[in-house]
Amino acid sequence: MRHARRRFVRRAARLAAAGGLLLGGAMVTQAVASEPPGPPATPRTLAQPAGDSAAGLVRRLGTGRTAGSWIGADGRPVVAVTDPGAAAEVRRAGAEPKLVGHSLDELKSATGVLRSAPRVPGTAWAVDYRTNEVVVRADRTVSATDWSRLTHVAQGIGGFVRMERTGGTFTTRLNGAQPILSTGGRCSAGFNVTDGRADFILTAGHCGPKGSVWFADARAAREVGQTADSAFPGSDFSLVRYASGRAGEAADVVAIGGGTGVRITGAADPAVGQRVFRSGSTSGLHDGRVTGLDATVNYPEGTVTGLIQTDVCAEPGDSGGPLFSEGVALGVTSGGSGDCTSGGTTFFQPVTKALRTLGVRLIVSAQAAPNSGPSPKAPSSAPGAASPGAPSPVGGGAEGTTLLSRLADTRAVGPGLLVVAGSLVALVATRWLREEQDRRAFRRHYSTMWG
């Protein structure tokens with residue numbers, strides 16, 4: 001019985017050592033044959049408009065017969081139309097029509113007149129599709145004289161221009177999901193993008209001009225990168241090129257606080273009424289609704305057009321931070337008024353326009369890589385149905401990896417060689433023990449025979 005146990009132990013040891021050799025060899029072979037570490041292979045931009053059926057109807061019917069679209073309270077797309085014929089077409093397409101008095105052409109003409117008027121810092125305007133109006137807002141810095149002058153311009157356009165005073169001040173916001181600092185102040189990393197040769201941070205243009213150097217700490221000990229391109233005013237986006245040339249692990253994740261993040265799977269244009277989320281290092285994660293598109297804001301530093309208008313709150317320190325929904329990138333924080341105690345209005349630079357202008361593409365989750373299935377759908381618009389997206393550790397998930405997953409990593413050349421070496425040592429040790437046991441057994445046998 002004792003000899004049988006020994007034989008069993010020796011066989012098990014030999015099998016374990018041989019298995020270790022096979023595993024280590026496979027790991028080394030895979031690591032040598034695999035690509036070097038880097039961002040997800042073939043990152044891409046996935047642009048699919050939210051509320052696509054409604055936007056498609058507006059394009060098909062034309063801006064003379066429609067006045068925009070939005071997501072209704074029940075989650076269904078609504079299209080504003082100017083005649084019964086267009087309403088019938090919208091209804092046949094499965095959307096809800098709403099008859100209005102002014103076409104999108106008229107509304108856009110009104111914003112053109114406002115844009116050509118003398119610029120008044122502290123004012124903003126956007127088309128409100130749901131009320132069929134152009135809403136002009138002025139913050140507390142606008143004088144009574146300037147407000148009277150702008151009101152006179154609005155009255156000359158027509159009764160569909162609504163004038164509103166708002167609390168707070170329209171200012172650009174600094175900071176965001178992951179802080180980056182320069183001599184000009186503190187800003188936020190929005191989304192990671194690439195041009196195929198190097199990786200960049202897409203953030204707000206007002207964060208700093210071309211050539212600005214960014215750091216990850218206040219002592220300027222850890223350099224993040226340098227601004228390679230910037231647009232502000234007019235638009236509000238910029239590219240910060242990583243000093244190492246690569247974004248590194250978790251390049252597809254945006255932070256939402258508490259050491260957690262959301263995986264980004266694509267980019268899209270939002271729809272009015274859609275639920276969205278914004279992350280910032282000052283005020284954290286907040287949500288709200290898109291209230292307008294193609295908004296114009298007259299910041300003290302200059303005028304920015306084509307922005308997304310929302311009722312998501314933000315505070316100084318949140319600029320450049322990401323706007324997203326269901327893991328789909330929508331915008332980067334530009335500015336606004338109010339705070340997260342009393343509420344306010346926040347504007348965002350659309351991601352899709354920035355990507356097209358800069359000639360870069362979003363670095364997305366590996367699950368969204370080419371040939372892995374259809375492009376991600378636009379974010380859900382049903383009331384309460386939208387979420388920020390799939391959760392993920394900000395550090396890229398290293399904390400959650402198991403020993404098996406680390407050993408199975410195709411880049412694990414070092415661990416593979418260690419497994420091979422350990423297996424060889426185990427084989428040698430097993431053989432030595434077997435020979436030593438045989439020698440002892442031989443001595444015992446002959447000592448018994450010969451006394």
# chains A, B, ... in the order shown; residues from 1 in each chain; ligands from 1
>>> select_by_dssp(residues="segment 63-285 of chain A", states="helix (DSSP H, G or I)", output="count of residues only")
39
>>> select_by_dssp(residues="segment 133-360 of chain A", states="strand (DSSP E)", output="PyMOL selection string")
chain A and resi 133-138+161-165+171-172+178-182+185-189+191-194+199-203+213-215+223-231+237-242+253-257+260-263+266-267+275-280+284-299+302-310+322-325+328-339+343-350
>>> atom_distance(atom1="atom CA of Gln226 of chain A", atom2="atom CA of Pro300 of chain A")
25.3 Å
>>> closest_atom_pairs(of="segment 133-212 of chain A", to="segment 238-261 of chain A", cutoff="7 Å", atoms="only C-alpha atoms", output="JSON lines")
{"residue": "A:Ala177", "atom": "CA", "partner": "A:Ala255", "partner_atom": "CA", "distance": 5.4}
{"residue": "A:Gln178", "atom": "CA", "partner": "A:Ala255", "partner_atom": "CA", "distance": 6.8}
{"residue": "A:Phe191", "atom": "CA", "partner": "A:Val254", "partner_atom": "CA", "distance": 7.0}
{"residue": "A:Asn192", "atom": "CA", "partner": "A:Ala251", "partner_atom": "CA", "distance": 6.0}
{"residue": "A:Ala198", "atom": "CA", "partner": "A:Gly245", "partner_atom": "CA", "distance": 5.0}
{"residue": "A:Asp199", "atom": "CA", "partner": "A:Arg246", "partner_atom": "CA", "distance": 5.0}
{"residue": "A:Phe200", "atom": "CA", "partner": "A:Arg241", "partner_atom": "CA", "distance": 4.4}
{"residue": "A:Ile201", "atom": "CA", "partner": "A:Val240", "partner_atom": "CA", "distance": 4.9}
{"residue": "A:Leu202", "atom": "CA", "partner": "A:Leu239", "partner_atom": "CA", "distance": 5.0}
{"residue": "A:Thr203", "atom": "CA", "partner": "A:Ser238", "partner_atom": "CA", "distance": 5.4}
{"residue": "A:Ala204", "atom": "CA", "partner": "A:Ser238", "partner_atom": "CA", "distance": 5.6}
{"residue": "A:Gly205", "atom": "CA", "partner": "A:Ser238", "partner_atom": "CA", "distance": 4.5}
>>> atom_distance(atom1="atom CA of Val351 of chain A", atom2="atom CA of Leu330 of chain A")
5.4 Å
>>> residues_around(residues="Asp287 of chain A", least_positions_apart="3", cutoff="8 Å", atoms="only C-alpha atoms", output="PyMOL selection string")
chain A and resi 275-278+312-313
>>> write_last_selection(atoms="N, CA and C atoms", output="mmCIF file, in the first residue's frame")
data_model
loop_
_atom_site.group_PDB
_atom_site.id
_atom_site.type_symbol
_atom_site.label_atom_id
_atom_site.label_comp_id
_atom_site.auth_asym_id
_atom_site.auth_seq_id
_atom_site.Cartn_x
_atom_site.Cartn_y
_atom_site.Cartn_z
ATOM 1 N N ARG A 275 -32.037 61.721 -22.126
ATOM 2 C CA ARG A 275 -31.385 61.746 -20.825
ATOM 3 C C ARG A 275 -29.885 61.534 -21.013
ATOM 4 N N VAL A 276 -29.080 62.373 -20.373
ATOM 5 C CA VAL A 276 -27.633 62.332 -20.537
ATOM 6 C C VAL A 276 -26.947 62.452 -19.181
ATOM 7 N N PHE A 277 -25.642 62.130 -19.156
ATOM 8 C CA PHE A 277 -24.854 62.151 -17.929
ATOM 9 C C PHE A 277 -23.569 62.932 -18.165
ATOM 10 N N ARG A 278 -23.154 63.670 -17.142
ATOM 11 C CA ARG A 278 -21.902 64.426 -17.210
ATOM 12 C C ARG A 278 -21.068 64.110 -15.984
ATOM 13 N N VAL A 312 -28.339 69.792 -17.308
ATOM 14 C CA VAL A 312 -27.414 69.137 -16.379
ATOM 15 C C VAL A 312 -26.613 70.215 -15.653
ATOM 16 N N CYS A 313 -26.477 70.088 -14.348
ATOM 17 C CA CYS A 313 -25.740 71.106 -13.601
ATOM 18 C C CYS A 313 -24.239 70.932 -13.779
#
